[in-house]
Amino acid sequence: MIPIAKPLIEDDEIDAVTRTLKSGSLAQGDGVKRFEDAFAGFIGTKYAIAINSGTAALHVALLSHRISEGDEVITTPFSFISTANSILFVGAKPVFADIREEDFNIDPNCILEKITKKTKAIIPVHLYGHPADMKTIMEIAEDHNLTVVEDACQAHGAKIKGRMVGSYGSGCFSFYPTKNMTTGEGGMITTDDDLVADRARMIRSHGAKIRYQHEMLGYNVRMTDISAVMGIEQLKKLDGFTKRRQDNAGYLSDKLKLKGILTPKVRDGCEHVFHQYTIRVTGDCVITRDNLVSALTEGGVGTGIHYSVPIHKQPFYQDLGYNEEYAVSELMADQVISLPIHPSVEESDLDHISKVIKKAVL
Ligand SMILES: *Cc1c(COP(=O)(O)O)cnc(C)c1O
């Protein structure tokens, strides 16, 4: 089976973790500091604040921007659940805006339709590693005085005209093992805002700057040095990982010029980091999406459906009373399949994947 995702851990990571374990300094310390400095340098922000997951990064970022009860936050319904859940965590209301077919990302025109007096923030998601339309989103945010928190959990190193995502608003990253780089579990907030950085550092550690002096309500969502030293090694390799993903994606797209199959597009000026390589199976295809998934599984190819149920359709959100329709998100949920293109996937694997797909649809 060619797995849909695989973390690439080598001796560099193992040696760094071993050194940290032997040092006896396991929790947040010098390793976290060094990882934060390296990550801020990579994204091009003044600050990076390490957190123990991408979900917690979103939660802490919203708290640090003082989003709270009574506020509305506009986001996409076509994402992983934690994007919208982070808004609920702080007592605010997720307001969904539909996406664009071309890149699966939030549609700025739909954002405009959803702005009310209560709107305080926008959370665009750079889905699959393709940047959202940050130029237009930042203009909207400026016009309406809104905070922007970017969910960059799938987009480490993605750029628009050379500028990294996660540097437009405050950025949130995940280092879960399936992501473009990993620390086991882990997350990061990137920001240029002194106050946000200061609050995020306090909130991740019981609301205290100085030990046992608690200025605000905080949590324990710190990263360990064990994770951080892994992150330092992974970050050094990220550009190489990304190149592999992009080359694999290009190779597969050349092979999959088939009726009823749409391969991912990259918008002008954007660098896509292919966290996922996601095709669409449209009505013009001779078999259904689900039958193509079965054929791939039988052919030994791991797949993923990101995401089969948009967030507003999740039982929990239905219970909360979300009954509006988001036509593009719902259509995409029925059409998408993600295929393996991670750095461990070889050209022979890609040939095999395309052979299995051609056999099923031709
Ligand atoms: C992975 C992911 C998250 C959450 O990150 P965790 O580290 O798993 O908590 C949030 N948003 C998106 C879009 C993700 O892909």
# chains A, B, ... in the order shown; residues from 1 in each chain; ligands from 1

call {"tool": "residues_around", "arguments": {"residues": "Tyr47 of chain A", "least_positions_apart": "3", "cutoff": "7 Å", "atoms": "only C-alpha atoms", "output": "list in words"}}
result
Ala40, Thr190, Thr191, Asp192 and Ala197 of chain A

call {"tool": "residues_near_ligand", "arguments": {"ligand": "ligand 1", "cutoff": "6 Å", "atoms": "only C-alpha atoms and all ligand atoms", "output": "list in words"}}
result
Ser53, Gly54, Thr55, Ser79, Phe80, Ser82, Thr83, Asp151, Cys153, Gln154, Ser174, Phe175, Tyr176, Gly186 and Gly187 of chain A

call {"tool": "write_last_selection", "arguments": {"atoms": "C-alpha atoms", "output": "tab-separated table (two decimals), in the first residue's frame"}}
result
chain	number	residue	atom	x	y	z
A	53	SER	CA	-0.86	21.61	18.48
A	54	GLY	CA	-2.27	23.49	15.51
A	55	THR	CA	-5.67	23.47	17.18
A	79	SER	CA	-11.66	22.65	6.30
A	80	PHE	CA	-10.67	20.44	9.20
A	82	SER	CA	-10.60	22.61	14.41
A	83	THR	CA	-10.65	25.79	12.29
A	151	ASP	CA	-4.97	28.82	9.35
A	153	CYS	CA	-1.74	24.33	9.30
A	154	GLN	CA	-1.37	22.80	5.82
A	174	SER	CA	0.48	22.44	12.82
A	175	PHE	CA	3.29	19.91	13.09
A	176	TYR	CA	1.12	16.79	13.25
A	186	GLY	CA	2.92	20.59	17.81
A	187	GLY	CA	1.93	24.02	16.57

call {"tool": "closest_residue", "arguments": {"among": "A:Ala360, A:Met223, A:Ile9, A:Ile67", "to": "Ala27 of chain A", "atoms": "only C-alpha atoms"}}
result
A:Met223

call {"tool": "residues_around", "arguments": {"residues": "Ser227 of chain A", "least_positions_apart": "6", "cutoff": "10 Å", "atoms": "only C-alpha atoms", "output": "number ranges by chain"}}
result
A: 13, 16-17, 20, 26-28, 31-32, 35, 52, 175, 182-186

call {"tool": "select_by_dssp", "arguments": {"residues": "segment 115-356 of chain A", "states": "helix (DSSP H, G or I)", "output": "ChimeraX atom specification"}}
result
/A:127-129,134-144,194-203,225-255,289-298,311-313,315-319,327-335,347-356

call {"tool": "closest_residue", "arguments": {"among": "A:Asp143, A:Glu271, A:Asp247, A:Glu36", "to": "Ile341 of chain A", "atoms": "only C-alpha atoms"}}
result
A:Asp247

call {"tool": "residues_around", "arguments": {"residues": "Arg204 of chain A", "least_positions_apart": "5", "cutoff": "6 Å", "atoms": "only C-alpha atoms", "output": "CSV table (one decimal) with all heavy atoms, in the first residue's frame"}}
result
chain,number,residue,atom,x,y,z
A,219,TYR,N,-3.6,28.5,29.9
A,219,TYR,CA,-3.7,27.1,29.8
A,219,TYR,C,-2.3,26.5,30.0
A,219,TYR,O,-1.3,27.2,30.1
A,219,TYR,CB,-4.3,26.7,28.5
A,219,TYR,CG,-5.6,27.3,28.3
A,219,TYR,CD1,-5.8,28.6,27.8
A,219,TYR,CD2,-6.8,26.5,28.5
A,219,TYR,CE1,-7.1,29.1,27.7
A,219,TYR,CE2,-8.0,27.0,28.3
A,219,TYR,CZ,-8.2,28.3,27.9
A,219,TYR,OH,-9.4,28.8,27.7
A,220,ASN,N,-2.1,25.2,29.8
A,220,ASN,CA,-0.8,24.6,29.6
A,220,ASN,C,-0.9,24.0,28.2
A,220,ASN,O,-1.3,22.9,28.0
A,220,ASN,CB,-0.5,23.6,30.6
A,220,ASN,CG,0.8,22.9,30.3
A,220,ASN,OD1,1.5,23.2,29.3
A,220,ASN,ND2,1.3,22.0,31.1
A,221,VAL,N,-0.4,24.7,27.2
A,221,VAL,CA,-0.3,24.2,25.8
A,221,VAL,C,1.1,24.5,25.3
A,221,VAL,O,1.3,24.8,24.1
A,221,VAL,CB,-1.4,24.9,24.9
A,221,VAL,CG1,-2.8,24.4,25.2
A,221,VAL,CG2,-1.4,26.4,25.0
A,222,ARG,N,2.1,24.3,26.2
A,222,ARG,CA,3.4,24.4,25.8
A,222,ARG,C,4.0,23.3,24.9
A,222,ARG,O,3.5,22.1,25.1
A,222,ARG,CB,4.3,24.6,27.1
A,222,ARG,CG,4.1,25.8,27.9
A,222,ARG,CD,5.0,25.8,29.1
A,222,ARG,NE,4.9,24.6,29.9
A,222,ARG,CZ,4.3,24.5,31.1
A,222,ARG,NH1,3.7,25.6,31.6
A,222,ARG,NH2,4.2,23.4,31.8

call {"tool": "residues_around", "arguments": {"residues": "Lys359 of chain A", "least_positions_apart": "5", "cutoff": "12 Å", "atoms": "only C-alpha atoms", "output": "ChimeraX atom specification"}}
result
/A:256,258,286-287,292,295-296,298-299,352-354

call {"tool": "residues_around", "arguments": {"residues": "His272 of chain A", "least_positions_apart": "5", "cutoff": "6 Å", "atoms": "only C-alpha atoms", "output": "ChimeraX atom specification"}}
result
/A:129-130,158

call {"tool": "write_last_selection", "arguments": {"atoms": "all heavy atoms", "output": "JSON list (two decimals), in the first residue's frame"}}
result
[["chain", "number", "residue", "atom", "x", "y", "z"],
["A", 129, "GLY", "N", -2.42, 23.45, 1.14],
["A", 129, "GLY", "CA", -1.12, 24.08, 0.89],
["A", 129, "GLY", "C", -1.17, 25.15, -0.18],
["A", 129, "GLY", "O", -0.14, 25.71, -0.54],
["A", 130, "HIS", "N", -2.40, 25.45, -0.69],
["A", 130, "HIS", "CA", -2.54, 26.54, -1.67],
["A", 130, "HIS", "C", -2.97, 27.83, -0.97],
["A", 130, "HIS", "O", -3.99, 27.84, -0.28],
["A", 130, "HIS", "CB", -3.57, 26.16, -2.74],
["A", 130, "HIS", "CG", -3.59, 27.14, -3.89],
["A", 130, "HIS", "ND1", -3.91, 28.47, -3.73],
["A", 130, "HIS", "CD2", -3.27, 26.98, -5.19],
["A", 130, "HIS", "CE1", -3.80, 29.09, -4.90],
["A", 130, "HIS", "NE2", -3.41, 28.21, -5.79],
["A", 158, "ALA", "N", 4.24, 27.99, 1.95],
["A", 158, "ALA", "CA", 3.46, 28.46, 0.79],
["A", 158, "ALA", "C", 3.60, 29.98, 0.69],
["A", 158, "ALA", "O", 3.68, 30.67, 1.71],
["A", 158, "ALA", "CB", 2.00, 28.07, 0.93]]

call {"tool": "residues_around", "arguments": {"residues": "Glu101 of chain A", "least_positions_apart": "6", "cutoff": "10 Å", "atoms": "only C-alpha atoms", "output": "list in words"}}
result
Asp107, Val328, Ser329, Leu331 and Met332 of chain A

call {"tool": "write_last_selection", "arguments": {"atoms": "C-alpha atoms", "output": "mmCIF file, in the first residue's frame"}}
result
data_model
loop_
_atom_site.group_PDB
_atom_site.id
_atom_site.type_symbol
_atom_site.label_atom_id
_atom_site.label_comp_id
_atom_site.auth_asym_id
_atom_site.auth_seq_id
_atom_site.Cartn_x
_atom_site.Cartn_y
_atom_site.Cartn_z
ATOM 1 C CA ASP A 107 -14.232 33.294 -1.595
ATOM 2 C CA VAL A 328 -19.487 24.933 -3.703
ATOM 3 C CA SER A 329 -18.225 23.359 -0.459
ATOM 4 C CA LEU A 331 -20.086 19.904 -4.286
ATOM 5 C CA MET A 332 -16.354 19.666 -3.528
#

call {"tool": "select_by_dssp", "arguments": {"residues": "segment 43-279 of chain A", "states": "strand (DSSP E or B)", "output": "NGL selection string"}}
result
:A and (47-51 or 72-75 or 93-96 or 99 or 106 or 119-123 or 125 or 147-151 or 159-160 or 163-164 or 170-174 or 187-191 or 205 or 208-210 or 213-214 or 220 or 261-262 or 270-271 or 277-279)

call {"tool": "decode", "arguments": {"residues": "segment 130-216 of chain A", "atoms": "C-alpha atoms", "output": "short mmCIF file (atom, residue, chain, number, x, y, z; two decimals), in the first residue's frame"}}
result
data_model
loop_
_atom_site.label_atom_id
_atom_site.label_comp_id
_atom_site.auth_asym_id
_atom_site.auth_seq_id
_atom_site.Cartn_x
_atom_site.Cartn_y
_atom_site.Cartn_z
CA HIS A 130 -2.54 26.54 -1.67
CA PRO A 131 -2.56 30.16 -0.43
CA ALA A 132 -5.94 31.81 0.05
CA ASP A 133 -6.46 35.14 -1.75
CA MET A 134 -4.65 37.14 0.94
CA LYS A 135 -4.39 40.37 -1.07
CA THR A 136 -8.17 40.71 -1.29
CA ILE A 137 -8.77 39.35 2.21
CA MET A 138 -6.33 41.85 3.76
CA GLU A 139 -8.05 44.68 1.87
CA ILE A 140 -11.45 43.58 3.20
CA ALA A 141 -10.00 43.30 6.72
CA GLU A 142 -8.54 46.79 6.51
CA ASP A 143 -11.78 48.32 5.18
CA HIS A 144 -13.84 46.74 7.97
CA ASN A 145 -11.23 46.86 10.74
CA LEU A 146 -11.06 43.08 11.16
CA THR A 147 -8.39 40.82 12.60
CA VAL A 148 -6.97 38.15 10.29
CA VAL A 149 -5.81 34.81 11.71
CA GLU A 150 -4.48 32.54 8.96
CA ASP A 151 -4.97 28.82 9.35
CA ALA A 152 -1.68 27.81 7.74
CA CYS A 153 -1.74 24.33 9.30
CA GLN A 154 -1.37 22.80 5.82
CA ALA A 155 0.79 25.48 4.26
CA HIS A 156 4.35 25.62 5.69
CA GLY A 157 6.34 27.62 3.16
CA ALA A 158 3.46 28.46 0.79
CA LYS A 159 3.93 31.92 -0.74
CA ILE A 160 2.15 34.63 -2.67
CA LYS A 161 4.54 36.65 -4.84
CA GLY A 162 7.40 35.54 -2.61
CA ARG A 163 5.70 36.41 0.69
CA MET A 164 5.03 33.54 3.08
CA VAL A 165 1.55 32.72 4.28
CA GLY A 166 1.37 33.17 8.03
CA SER A 167 2.96 36.63 7.67
CA TYR A 168 -0.16 38.50 6.48
CA GLY A 169 -2.26 38.18 9.62
CA SER A 170 -1.24 36.12 12.63
CA GLY A 171 -0.43 32.64 11.32
CA CYS A 172 -1.20 29.25 12.85
CA PHE A 173 0.77 26.14 11.91
CA SER A 174 0.48 22.44 12.82
CA PHE A 175 3.29 19.91 13.09
CA TYR A 176 1.12 16.79 13.25
CA PRO A 177 2.87 13.77 11.63
CA THR A 178 0.89 14.00 8.36
CA LYS A 179 1.78 17.69 7.82
CA ASN A 180 4.58 19.02 5.60
CA MET A 181 6.90 18.96 8.61
CA THR A 182 6.38 17.35 12.02
CA THR A 183 7.27 17.47 15.69
CA GLY A 184 5.00 14.54 16.61
CA GLU A 185 2.30 16.88 17.87
CA GLY A 186 2.92 20.59 17.81
CA GLY A 187 1.93 24.02 16.57
CA MET A 188 3.21 27.56 16.08
CA ILE A 189 1.76 31.07 16.03
CA THR A 190 3.56 33.62 13.85
CA THR A 191 2.92 37.34 14.27
CA ASP A 192 4.43 40.80 13.96
CA ASP A 193 2.17 42.15 16.72
CA ASP A 194 4.06 42.77 20.01
CA LEU A 195 0.92 42.58 22.15
CA VAL A 196 -0.40 39.42 20.50
CA ALA A 197 2.97 37.71 20.92
CA ASP A 198 3.13 38.76 24.56
CA ARG A 199 -0.38 37.52 25.31
CA ALA A 200 0.16 34.25 23.40
CA ARG A 201 3.27 33.50 25.48
CA MET A 202 1.32 34.08 28.67
CA ILE A 203 -1.81 32.16 27.61
CA ARG A 204 0.21 29.07 26.67
CA SER A 205 1.58 28.91 30.19
CA HIS A 206 -1.08 29.64 32.81
CA GLY A 207 -1.29 33.37 32.07
CA ALA A 208 2.06 33.99 33.71
CA LYS A 209 5.11 35.83 32.44
CA ILE A 210 6.93 35.36 35.70
CA ARG A 211 6.48 32.02 37.40
CA TYR A 212 3.56 31.95 39.86
CA GLN A 213 2.44 35.48 38.91
CA HIS A 214 -0.76 34.94 36.95
CA GLU A 215 -1.97 38.02 35.08
CA MET A 216 -4.74 36.34 33.12
#
